[in-house]
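Worksheet: one structure, shown below.
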Amino acid sequence: MEAVRLVEFNLKQVLTKLVTHLFGDGLEIRWVDCYFPFTHPSFEMEISFQGEWMEVLGCGVMEQQLVNSAGAEEKIGWAFGLGLERLAMILYDIPDIRLFWSEDERFLKQFSVPHIDQKVHFQPLSKYPPLINDISFWLPSEKYSENDFYDLVRTIGGDLVEKVALIDEFTHPNYSCCWLIVWRYLLQAQGLRSIGPYRDEAQETAECERGSCREDLDTMGVWGLQRV
C-alpha cells in the first residue's frame, strides 16, 4: 500500500509539471477520483478554463495483474492518456470540441499556416443561439455520478449536446438534483421543439435506470411532472 501511495505521488507530480510546462505557471489544477478498467486508484486531471473545470487527462496506478502479465512482477507503475483535443481547445481558445471532427473549410483553413510556430487565433464559426433546458430528478440515493448522466445525454444527443452540468441539489428527505443541458446546432438555426425527441429519450432512459421522479423546465415554463 505504501508503494502505491509513492507511485501515486510521483504520477501527480510528473503530470502536474507536464501540464504546467504546456500552459505556464499559475494554472489551477484539481484531481478527481474516477474509474478506469486497468488502473487503481484512477484519477482525472481537471484545469480551470474560462471559469469552468475541464478534464485534460486520465491516469492511474496500473493494476498489478496487468504488470505481472508483461513479465514485470517486481515492478509497479502508472499510466496516463492525454485528451489532445482538449489541450488544443486551451491553446487555440476553441470553445466546442465537436469542431475537431468537422470538415468545414472555415475551421480547417484556420490551421493551415506556413510555420508551426505561427500563432493561430481561432475565429468562431456558428452564430446560432444555444437551446437550453433543465431537468430535475428525485433519486433513491445520492450515489449518482455526474458523469453517469452526462454520458447518458451524450449517448442519446450526440454532437448536438454542448454542455451537461449539475446546477443544483438538495436532500429533503430524498435526494434531488437539477441538470442544465445546452444543445446547439453548428450548421443551422433550430427551435426548442427540434430537440424534443432527444430530450424525451434522455428523460425516459434516466427514469428506467434510476426509478426517479422527474420535473422538466425550460425557458418557456414547465414541461410537466411525472412520477415513475
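Ordering of the C-alpha cells sets the chain letters (A, B, ...), residue numbers begin anew at 1 in every chain, and ligands are numbered from 1 in the order given.
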List the spatial neighbours of segment 71-86 of chain A as a ChimeraX atom specification - criterion: any atom at most 12 Å away, only C-alpha atoms, same-chain residues fewer than 3 positions off excluded. /A:1-12,14-15,18-19,22,36-47,49,53-68,89-101
Need to verify the contact set: Leu152 of chain A, 10 Å, only C-alpha atoms, exclusion of same-chain residues closer than 2 positions in sequence. Can you return it as a list in words?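 Returned residues: Asn147, Asp148, Phe149, Tyr150, Arg154, Thr155, Ile156, Gly157, Gly158, Glu201, Ala202, Gln203, Thr205 and Ala206 of chain A.
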Within 6 Å of segment 169-185 of chain A using only C-alpha atoms, minus same-chain residues under 3 positions, as a compact mmCIF listing (two decimals) with N, CA, C and O atoms, in the first residue's frame:
```txt
# COMPACT_ATOMS: atom_id res chain seq x y z
N PRO A 130 -27.80 28.96 -28.46
CA PRO A 130 -27.97 27.65 -27.82
C PRO A 130 -29.42 27.40 -27.46
O PRO A 130 -30.22 28.33 -27.31
N LEU A 131 -29.77 26.13 -27.36
CA LEU A 131 -31.09 25.70 -26.90
C LEU A 131 -30.90 25.11 -25.51
O LEU A 131 -30.16 24.15 -25.34
N ILE A 132 -31.56 25.69 -24.53
CA ILE A 132 -31.28 25.35 -23.13
C ILE A 132 -32.52 24.80 -22.45
O ILE A 132 -33.62 25.33 -22.61
N ASN A 133 -32.34 23.71 -21.72
CA ASN A 133 -33.41 23.22 -20.87
C ASN A 133 -32.82 22.60 -19.61
O ASN A 133 -31.65 22.20 -19.58
N ASP A 134 -33.63 22.56 -18.56
CA ASP A 134 -33.24 21.94 -17.29
C ASP A 134 -34.06 20.67 -17.08
O ASP A 134 -35.18 20.57 -17.54
N ILE A 135 -33.48 19.73 -16.36
CA ILE A 135 -34.21 18.54 -15.98
C ILE A 135 -33.84 18.19 -14.54
O ILE A 135 -32.65 18.21 -14.20
N SER A 136 -34.83 17.96 -13.70
CA SER A 136 -34.56 17.65 -12.30
C SER A 136 -35.16 16.30 -11.94
O SER A 136 -36.19 15.90 -12.48
N PHE A 137 -34.48 15.60 -11.01
CA PHE A 137 -34.89 14.27 -10.62
C PHE A 137 -34.90 14.11 -9.11
O PHE A 137 -34.05 14.66 -8.42
N TRP A 138 -35.87 13.35 -8.62
CA TRP A 138 -35.78 12.77 -7.29
C TRP A 138 -35.15 11.40 -7.46
O TRP A 138 -35.60 10.61 -8.28
N LEU A 139 -34.10 11.12 -6.69
CA LEU A 139 -33.39 9.85 -6.83
C LEU A 139 -33.45 9.04 -5.55
O LEU A 139 -33.55 9.61 -4.46
N SER A 141 -31.10 7.51 -4.01
CA SER A 141 -29.93 7.75 -3.16
C SER A 141 -29.05 8.78 -3.82
O SER A 141 -29.27 9.20 -4.95
N GLU A 142 -28.00 9.20 -3.10
CA GLU A 142 -27.07 10.20 -3.63
C GLU A 142 -25.96 9.56 -4.46
O GLU A 142 -25.08 10.26 -4.95
N LEU A 160 -25.11 17.16 -30.85
CA LEU A 160 -25.99 18.29 -30.52
C LEU A 160 -25.78 18.78 -29.10
O LEU A 160 -26.11 19.91 -28.77
N VAL A 161 -25.23 17.92 -28.24
CA VAL A 161 -25.07 18.27 -26.83
C VAL A 161 -23.77 19.05 -26.64
O VAL A 161 -22.69 18.54 -26.89
N GLU A 162 -23.92 20.28 -26.20
CA GLU A 162 -22.74 21.12 -25.96
C GLU A 162 -22.30 21.07 -24.51
O GLU A 162 -21.12 21.12 -24.20
N LYS A 163 -23.26 20.96 -23.59
CA LYS A 163 -22.91 21.03 -22.17
C LYS A 163 -23.97 20.33 -21.33
O LYS A 163 -25.16 20.45 -21.60
N VAL A 164 -23.50 19.57 -20.33
CA VAL A 164 -24.37 18.99 -19.31
C VAL A 164 -23.75 19.31 -17.97
O VAL A 164 -22.59 18.99 -17.73
N ALA A 165 -24.50 19.96 -17.08
CA ALA A 165 -23.92 20.39 -15.81
C ALA A 165 -24.94 20.25 -14.68
O ALA A 165 -26.12 20.56 -14.85
N LEU A 166 -24.44 19.79 -13.54
CA LEU A 166 -25.26 19.74 -12.32
C LEU A 166 -25.30 21.14 -11.73
O LEU A 166 -24.28 21.70 -11.36
N GLN A 188 -27.03 25.12 -38.61
CA GLN A 188 -28.33 25.71 -38.91
C GLN A 188 -29.03 26.13 -37.62
O GLN A 188 -28.71 25.61 -36.55
```
With DSSP run on the backbone, what are the helix (DSSP H, G or I) residues within chain A? I'd like them as a ChimeraX atom specification. /A:2-23,64-69,84-92,97-101,105-111,146-160,192-210
